[in-house]
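As structure tokens, the structure follows; a few thoughts come after it.
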Amino acid sequence: MIKYTKLFIIVLLAVTALQAKAQTTANTSSPYSQYGLGDLTPMLLPQNKAMGGIAAGTNTINRYMSINPLNPASYGTISFTTIDAGLSMSSLSLSQTGQSTQKNSNFRLSHLAFAIPVSTGSALSFGLLPYSQVGYNYTKTTKGFGTGSAVDTNTVNNIFTGEGGLTKAYLGYGFTIKRNLLLGFNVGYIFGDLKHFQQIEMPLLPGNLNTSVERDNSVGGVSYDFGAQYIWDLSLTRHIVFGYSGSAKSQINSKNSYIVSHYTFDAGGNRGVNIDSVINQQNASSKIQLPKIQHFGISYQQDLKFLVGMDYSIGNWSDLSIGGVNQGMANSSTFNIGGQYTPYINSLHNYLATLDYRLGLMLDNTYYNVPNPSGGGSTNIKSKAITLGLGIPLRGANTSFYKVNFTAELGQRGTLNNGLVKENYINLHLGFTLNDKWFQRYKFD
């Protein structure tokens, strides 16, 4: 047990260090992350992601304590102190008609979550989760200053880059009413920086003024989540769970900076320092209006054997506004289905039979409503993924249980139509879960 505890502490320290770094660096390579708040990350841990992302109607899985921040009502089933931490890695391939395929990879925090029982049927949970990521870098090149003249060979480069992201720190409480009804809530604090840059360059004209535009949103504000679950016991070992959870419509604070400056290239093609600031607006206060998001879920579980379920989520992202300006996003909708199977959890001679085998499917109409580069109008970006994973139990003690959760998501997002980008991705998640009896009062005769 001691060696696993040391490993867990190392993972916690690594996660904390990566979380601090994640506030200022790119953790995605998607060109779609330039829109809205970037790539949104659902409040899911690896064990739920492996089952297609089902969570609204899940709580304790195979009698193993599992933290489920997406529905805080689930905390009411936690009877052991639970710690869950992990990391994620993504590999992304970008394709566009007429362009060569580009591949990128990123490494980031997955989660850091704690849950502590308060009484029989209630528990507190708190932790850090990624909320969104921004990371992109691409160039649009035109000839002849956009005149289309065959004799004008001057090149104009529009370079777009972005980085940063938002993190959600949360504190939640879930409790049981009349044994089968669970209620819960989270109070969250969303914080971080969203940075966007654009350079308009004419590198073949030494001494010509080129333009740099920098936009930075430093975000910090409170959000609220709520949830409910009803457990319908078909027998002592078979249960159906109906779940509902959501995030309330809320406003969070933002400090905006907007800087426009000029610079030049020398005869050798080397960029010089900024020579002026045409616009320099620093730390202007504004608000980000977050929409209402709702999750509906149902699961069926036979204890120590299997669980299956499905979720449906909707988000009113057309209400998203930054600084009073509507961002033109689409309302999102997501369908998740999946489950897990454990052949024989108490097997003494076949370790593979004690593993949790997970599988799922996710279909997502994202909140991205992207202008078509090849013509007028816009396209709602869709995403789909197959998920699979393993829950690997590790030997513990009489009152402590360990599990490593590994998840792989194989998906596709976007389209080649209308000059847009199609993404093929593989996301890998590794989590380490501890269940233990802490704060236990011992009696002596």
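Chain labels run A, B, ... following the order of the structure tokens; each chain numbers its residues from 1, and ligands are numbered from 1 in the order shown.
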
Could you give me the residues within range 20-67 of chain A that DSSP places in helix (DSSP H, G or I), as a short mmCIF file (atom, residue, chain, number, x, y, z; two decimals) with all heavy atoms, in the first residue's frame?
data_model
loop_
_atom_site.label_atom_id
_atom_site.label_comp_id
_atom_site.auth_asym_id
_atom_site.auth_seq_id
_atom_site.Cartn_x
_atom_site.Cartn_y
_atom_site.Cartn_z
N ALA A 20 -0.51 24.67 -13.19
CA ALA A 20 0.01 26.03 -13.17
C ALA A 20 0.51 26.45 -14.55
O ALA A 20 0.30 27.58 -15.00
CB ALA A 20 1.14 26.14 -12.15
N LYS A 21 1.16 25.53 -15.25
CA LYS A 21 1.67 25.82 -16.59
C LYS A 21 0.53 25.99 -17.59
O LYS A 21 0.61 26.79 -18.52
CB LYS A 21 2.59 24.69 -17.05
CG LYS A 21 3.19 24.90 -18.43
CD LYS A 21 4.07 23.72 -18.83
CE LYS A 21 4.63 23.91 -20.23
NZ LYS A 21 5.44 22.75 -20.65
N ALA A 22 -0.57 25.26 -17.40
CA ALA A 22 -1.65 25.24 -18.37
C ALA A 22 -2.35 26.59 -18.49
O ALA A 22 -3.07 26.82 -19.45
CB ALA A 22 -2.68 24.18 -17.98
N PRO A 31 -7.79 24.75 -34.89
CA PRO A 31 -8.12 26.10 -35.37
C PRO A 31 -9.50 26.55 -34.92
O PRO A 31 -9.77 27.75 -34.87
CB PRO A 31 -8.04 25.97 -36.90
CG PRO A 31 -8.21 24.51 -37.18
CD PRO A 31 -7.60 23.80 -36.01
N TYR A 32 -10.38 25.61 -34.56
CA TYR A 32 -11.71 25.99 -34.09
C TYR A 32 -11.66 26.62 -32.70
O TYR A 32 -12.63 27.27 -32.29
CB TYR A 32 -12.63 24.77 -34.09
CG TYR A 32 -12.89 24.21 -35.47
CD1 TYR A 32 -12.59 22.89 -35.79
CD2 TYR A 32 -13.43 25.02 -36.48
CE1 TYR A 32 -12.83 22.38 -37.06
CE2 TYR A 32 -13.66 24.52 -37.75
CZ TYR A 32 -13.36 23.20 -38.04
OH TYR A 32 -13.58 22.71 -39.30
N SER A 33 -10.56 26.44 -31.98
CA SER A 33 -10.48 26.98 -30.63
C SER A 33 -10.34 28.50 -30.61
O SER A 33 -10.34 29.10 -29.54
CB SER A 33 -9.30 26.35 -29.86
OG SER A 33 -8.06 26.73 -30.40
N GLN A 34 -10.23 29.13 -31.79
CA GLN A 34 -10.19 30.60 -31.83
C GLN A 34 -11.56 31.22 -31.58
O GLN A 34 -11.66 32.43 -31.36
CB GLN A 34 -9.65 31.08 -33.18
CG GLN A 34 -10.58 30.79 -34.36
CD GLN A 34 -9.96 31.16 -35.70
OE1 GLN A 34 -9.77 32.33 -36.01
NE2 GLN A 34 -9.62 30.14 -36.46
N PRO A 46 -11.80 10.14 -16.29
CA PRO A 46 -11.54 9.10 -17.30
C PRO A 46 -12.52 7.94 -17.29
O PRO A 46 -12.87 7.42 -18.34
CB PRO A 46 -10.12 8.65 -16.96
CG PRO A 46 -9.47 9.84 -16.37
CD PRO A 46 -10.55 10.51 -15.58
N GLN A 47 -12.97 7.51 -16.10
CA GLN A 47 -13.87 6.37 -16.05
C GLN A 47 -15.20 6.66 -16.73
O GLN A 47 -15.82 5.76 -17.32
CB GLN A 47 -14.10 5.90 -14.61
CG GLN A 47 -14.42 6.99 -13.60
CD GLN A 47 -13.18 7.53 -12.92
OE1 GLN A 47 -12.20 7.86 -13.56
NE2 GLN A 47 -13.24 7.62 -11.59
N ASN A 48 -15.66 7.91 -16.68
CA ASN A 48 -16.89 8.27 -17.39
C ASN A 48 -16.64 8.55 -18.87
O ASN A 48 -17.47 8.23 -19.72
CB ASN A 48 -17.54 9.48 -16.73
CG ASN A 48 -18.12 9.16 -15.37
OD1 ASN A 48 -17.47 9.36 -14.35
ND2 ASN A 48 -19.34 8.65 -15.34
N LYS A 49 -15.49 9.15 -19.19
CA LYS A 49 -15.16 9.39 -20.59
C LYS A 49 -15.08 8.09 -21.37
O LYS A 49 -15.47 8.04 -22.54
CB LYS A 49 -13.84 10.14 -20.69
CG LYS A 49 -13.90 11.58 -20.22
CD LYS A 49 -12.56 12.28 -20.37
CE LYS A 49 -12.65 13.74 -19.92
NZ LYS A 49 -11.35 14.45 -20.05
#

**OP:** For range 249-266 of chain A, please output as a ChimeraX atom specification all residues within 7 Å (counting only C-alpha atoms; exclusion window: fewer than 4 positions along the same chain).
**Re:** /A:203,206-223,270-292

Can you write just those residues out, N, CA and C atoms, as a CSV table (one decimal), in the first residue's frame?
chain,number,residue,atom,x,y,z
A,203,PRO,N,6.4,40.8,-45.9
A,203,PRO,CA,7.8,40.6,-45.7
A,203,PRO,C,8.7,40.9,-46.9
A,206,PRO,N,10.9,45.6,-47.3
A,206,PRO,CA,11.7,46.1,-46.1
A,206,PRO,C,11.3,47.5,-45.8
A,207,GLY,N,11.2,47.8,-44.5
A,207,GLY,CA,10.9,49.1,-44.1
A,207,GLY,C,9.4,49.5,-44.1
A,208,ASN,N,8.6,48.6,-44.7
A,208,ASN,CA,7.1,48.9,-44.7
A,208,ASN,C,6.6,48.5,-43.3
A,209,LEU,N,5.5,49.3,-42.9
A,209,LEU,CA,4.9,49.1,-41.6
A,209,LEU,C,4.0,47.9,-41.7
A,210,ASN,N,4.3,46.9,-40.7
A,210,ASN,CA,3.4,45.7,-40.6
A,210,ASN,C,2.6,45.9,-39.3
A,211,THR,N,1.5,45.2,-39.2
A,211,THR,CA,0.6,45.4,-38.0
A,211,THR,C,0.5,44.2,-37.1
A,212,SER,N,0.5,44.4,-35.9
A,212,SER,CA,0.3,43.4,-34.9
A,212,SER,C,-0.9,43.7,-34.0
A,213,VAL,N,-1.8,42.8,-33.8
A,213,VAL,CA,-3.0,43.0,-33.0
A,213,VAL,C,-3.0,41.9,-31.9
A,214,GLU,N,-3.1,42.3,-30.7
A,214,GLU,CA,-3.1,41.4,-29.5
A,214,GLU,C,-4.4,41.6,-28.7
A,215,ARG,N,-5.1,40.5,-28.4
A,215,ARG,CA,-6.3,40.6,-27.6
A,215,ARG,C,-6.1,39.6,-26.4
A,216,ASP,N,-6.3,40.0,-25.2
A,216,ASP,CA,-6.1,39.2,-24.1
A,216,ASP,C,-7.3,39.4,-23.1
A,217,ASN,N,-7.9,38.2,-22.8
A,217,ASN,CA,-9.0,38.2,-21.8
A,217,ASN,C,-8.5,37.5,-20.5
A,218,SER,N,-8.4,38.2,-19.4
A,218,SER,CA,-8.0,37.6,-18.1
A,218,SER,C,-9.3,37.4,-17.4
A,219,VAL,N,-9.7,36.2,-17.1
A,219,VAL,CA,-11.0,35.8,-16.7
A,219,VAL,C,-11.0,35.3,-15.2
A,220,GLY,N,-12.0,35.7,-14.5
A,220,GLY,CA,-12.2,35.2,-13.1
A,220,GLY,C,-13.6,35.5,-12.6
A,221,GLY,N,-14.4,34.4,-12.3
A,221,GLY,CA,-15.7,34.6,-11.8
A,221,GLY,C,-16.4,33.3,-11.3
A,222,VAL,N,-17.5,33.5,-10.7
A,222,VAL,CA,-18.2,32.4,-10.0
A,222,VAL,C,-19.3,31.8,-10.9
A,223,SER,N,-19.4,30.4,-10.9
A,223,SER,CA,-20.5,29.7,-11.6
A,223,SER,C,-21.1,28.8,-10.7
A,270,ASN,N,14.4,39.9,-41.3
A,270,ASN,CA,14.3,39.8,-39.9
A,270,ASN,C,13.4,40.8,-39.3
A,271,ARG,N,12.5,40.4,-38.4
A,271,ARG,CA,11.5,41.3,-37.8
A,271,ARG,C,12.1,42.2,-36.8
A,272,GLY,N,11.8,43.4,-36.8
A,272,GLY,CA,12.3,44.4,-35.8
A,272,GLY,C,11.3,44.5,-34.6
A,273,VAL,N,11.6,45.2,-33.6
A,273,VAL,CA,10.8,45.4,-32.4
A,273,VAL,C,9.6,46.4,-32.8
A,274,ASN,N,8.6,46.3,-32.0
A,274,ASN,CA,7.4,47.2,-32.2
A,274,ASN,C,7.9,48.7,-32.1
A,275,ILE,N,7.5,49.5,-33.0
A,275,ILE,CA,7.9,50.9,-33.0
A,275,ILE,C,6.9,51.9,-32.5
A,276,ASP,N,5.6,51.4,-32.4
A,276,ASP,CA,4.6,52.3,-31.8
A,276,ASP,C,3.4,51.4,-31.3
A,277,SER,N,2.5,52.1,-30.7
A,277,SER,CA,1.2,51.5,-30.3
A,277,SER,C,0.1,52.4,-30.7
A,278,VAL,N,-0.5,52.0,-31.8
A,278,VAL,CA,-1.6,52.8,-32.3
A,278,VAL,C,-2.8,52.8,-31.4
A,279,ILE,N,-3.1,51.6,-30.8
A,279,ILE,CA,-4.1,51.4,-29.8
A,279,ILE,C,-3.5,50.7,-28.6
A,280,ASN,N,-3.7,51.1,-27.4
A,280,ASN,CA,-3.2,50.5,-26.2
A,280,ASN,C,-4.2,50.6,-25.1
A,281,GLN,N,-5.2,49.6,-25.1
A,281,GLN,CA,-6.2,49.6,-24.1
A,281,GLN,C,-5.9,48.5,-23.1
A,282,GLN,N,-5.6,48.8,-21.8
A,282,GLN,CA,-5.2,47.8,-20.8
A,282,GLN,C,-6.2,47.7,-19.7
A,283,ASN,N,-6.5,46.4,-19.4
A,283,ASN,CA,-7.3,46.1,-18.2
A,283,ASN,C,-8.7,46.7,-18.2
A,284,ALA,N,-9.4,46.8,-19.3
A,284,ALA,CA,-10.8,47.3,-19.4
A,284,ALA,C,-11.7,46.2,-18.8
A,285,SER,N,-12.5,46.6,-17.9
A,285,SER,CA,-13.4,45.6,-17.2
A,285,SER,C,-14.6,45.3,-18.1
A,286,SER,N,-15.0,44.0,-18.2
A,286,SER,CA,-16.2,43.6,-18.9
A,286,SER,C,-16.8,42.3,-18.3
A,287,LYS,N,-17.8,41.8,-18.9
A,287,LYS,CA,-18.4,40.6,-18.4
A,287,LYS,C,-18.5,39.5,-19.5
A,288,ILE,N,-18.4,38.3,-19.1
A,288,ILE,CA,-18.7,37.2,-20.0
A,288,ILE,C,-20.0,36.5,-19.5
A,289,GLN,N,-20.9,36.4,-20.4
A,289,GLN,CA,-22.2,35.8,-20.1
A,289,GLN,C,-22.2,34.4,-20.5
A,290,LEU,N,-22.2,33.5,-19.5
A,290,LEU,CA,-22.3,32.0,-19.7
A,290,LEU,C,-23.7,31.6,-19.8
A,291,PRO,N,-24.0,30.6,-20.6
A,291,PRO,CA,-25.4,30.1,-20.8
A,291,PRO,C,-25.8,29.0,-19.9
A,292,LYS,N,-27.0,28.7,-19.9
A,292,LYS,CA,-27.5,27.6,-19.1
A,292,LYS,C,-27.2,26.3,-19.9

**OP:** Excluding range 312-315 of chain A and any residue of its chain fewer than 2 positions from it, enumerate the residues within 6 Å of it, using only C-alpha atoms, and give them as a list of chain:residue names.
**Re:** A:Ile293, A:Gln294, A:His295, A:Phe296, A:Trp317, A:Asn331, A:Ser332, A:Ser333, A:Thr334, A:Phe335

**OP:** For Met65 in chain A, work out the shell of residues within 10 Å, counting only C-alpha atoms and skipping chain neighbours fewer than 2 positions away, then give it as a ChimeraX atom specification.
**Re:** /A:59-63,67-68,74-75,77-83,115,401,433-436

Original post:
For Lys437 in chain A, which of A:Asn424, A:Thr120, A:Thr399, A:Thr407 is the closest residue, counting only C-alpha atoms?
Top reply: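 Using only C-alpha atoms, Lys437 in chain A sits closest to A:Thr399.
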
**OP:** Might you pull out every residue within 6 Å of range 95-108 of chain A, with only C-alpha atoms counted and same-chain residues fewer than 6 positions away left off, and present them as a list in words?
**Re:** Asn27, Ser88, Met89, Leu416, Val421 and Lys422 of chain A

Please write the residues from the selection above to a file, keeping C-alpha atoms, as an mmCIF file, in the first residue's frame.
data_model
loop_
_atom_site.group_PDB
_atom_site.id
_atom_site.type_symbol
_atom_site.label_atom_id
_atom_site.label_comp_id
_atom_site.auth_asym_id
_atom_site.auth_seq_id
_atom_site.Cartn_x
_atom_site.Cartn_y
_atom_site.Cartn_z
ATOM 1 C CA ASN A 27 -3.094 22.801 -24.706
ATOM 2 C CA SER A 88 -4.294 13.616 -20.729
ATOM 3 C CA MET A 89 -2.514 13.494 -24.072
ATOM 4 C CA LEU A 416 -13.783 19.415 -45.675
ATOM 5 C CA VAL A 421 -10.878 21.879 -41.606
ATOM 6 C CA LYS A 422 -11.487 18.246 -40.643
#

**OP:** Determine, counting only C-alpha atoms, which protein, DNA and RNA residues have an atom within 12 Å of an atom of Leu430 in chain A; residues of the same chain fewer than 4 positions away are not included. Present the result as JSON, numbers by chain.
**Re:** {"A": [11, 15, 45, 46, 47, 49, 50, 84, 85, 86, 87, 88, 89, 90, 107, 108, 109, 110, 111, 112, 389, 390, 391, 392, 403, 404, 405, 406, 407, 408, 409]}

Counting only C-alpha atoms, give me one row per residue of range 35-103 of chain A with an atom at most 10 Å from an atom of range 164-169 of chain A, showing the shortest contact pair and its distance in Å to one decimal, sorted by chain then residue number, as a tab-separated table.
residue	atom	partner	partner_atom	distance
A:Leu37	CA	A:Gly165	CA	8.1
A:Gly38	CA	A:Gly165	CA	7.4
A:Asp39	CA	A:Gly165	CA	8.7
A:Leu40	CA	A:Leu166	CA	9.2
A:Thr41	CA	A:Thr167	CA	9.6
A:Met43	CA	A:Lys168	CA	9.3

**OP:** Identify, on the basis of only C-alpha atoms, every residue whose closest approach to Val241 in chain A does not exceed 7 Å; exclude the query and any residue fewer than 2 positions from it along the same chain; express the result as a list in words.
**Re:**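 Returned residues: Gly57, Thr58, Gln229, Tyr230, Ile231, Trp232, His239, Gly243, Ile298, Ser299 and Tyr300 of chain A.
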
Once you have the residues from the selection above, write them out as a CSV table (one decimal), in the first residue's frame, restricted to C-alpha atoms.
chain,number,residue,atom,x,y,z
A,57,GLY,CA,-27.2,9.2,-14.2
A,58,THR,CA,-24.1,7.5,-12.7
A,229,GLN,CA,-30.6,11.7,-9.0
A,230,TYR,CA,-33.3,9.1,-8.2
A,231,ILE,CA,-32.2,5.5,-7.6
A,232,TRP,CA,-34.9,2.9,-8.4
A,239,HIS,CA,-30.6,-0.5,-9.9
A,243,GLY,CA,-30.2,11.8,-13.4
A,298,ILE,CA,-30.3,7.2,-17.2
A,299,SER,CA,-28.2,4.1,-16.2
A,300,TYR,CA,-28.9,0.5,-15.3

Subject >> Filtered DSSP result for range 18-173 of chain A, state strand (DSSP E or B), as a PyMOL selection string >> reply: chain A and resi 39-40+61+64+81-95+102-119+122-143+155-173
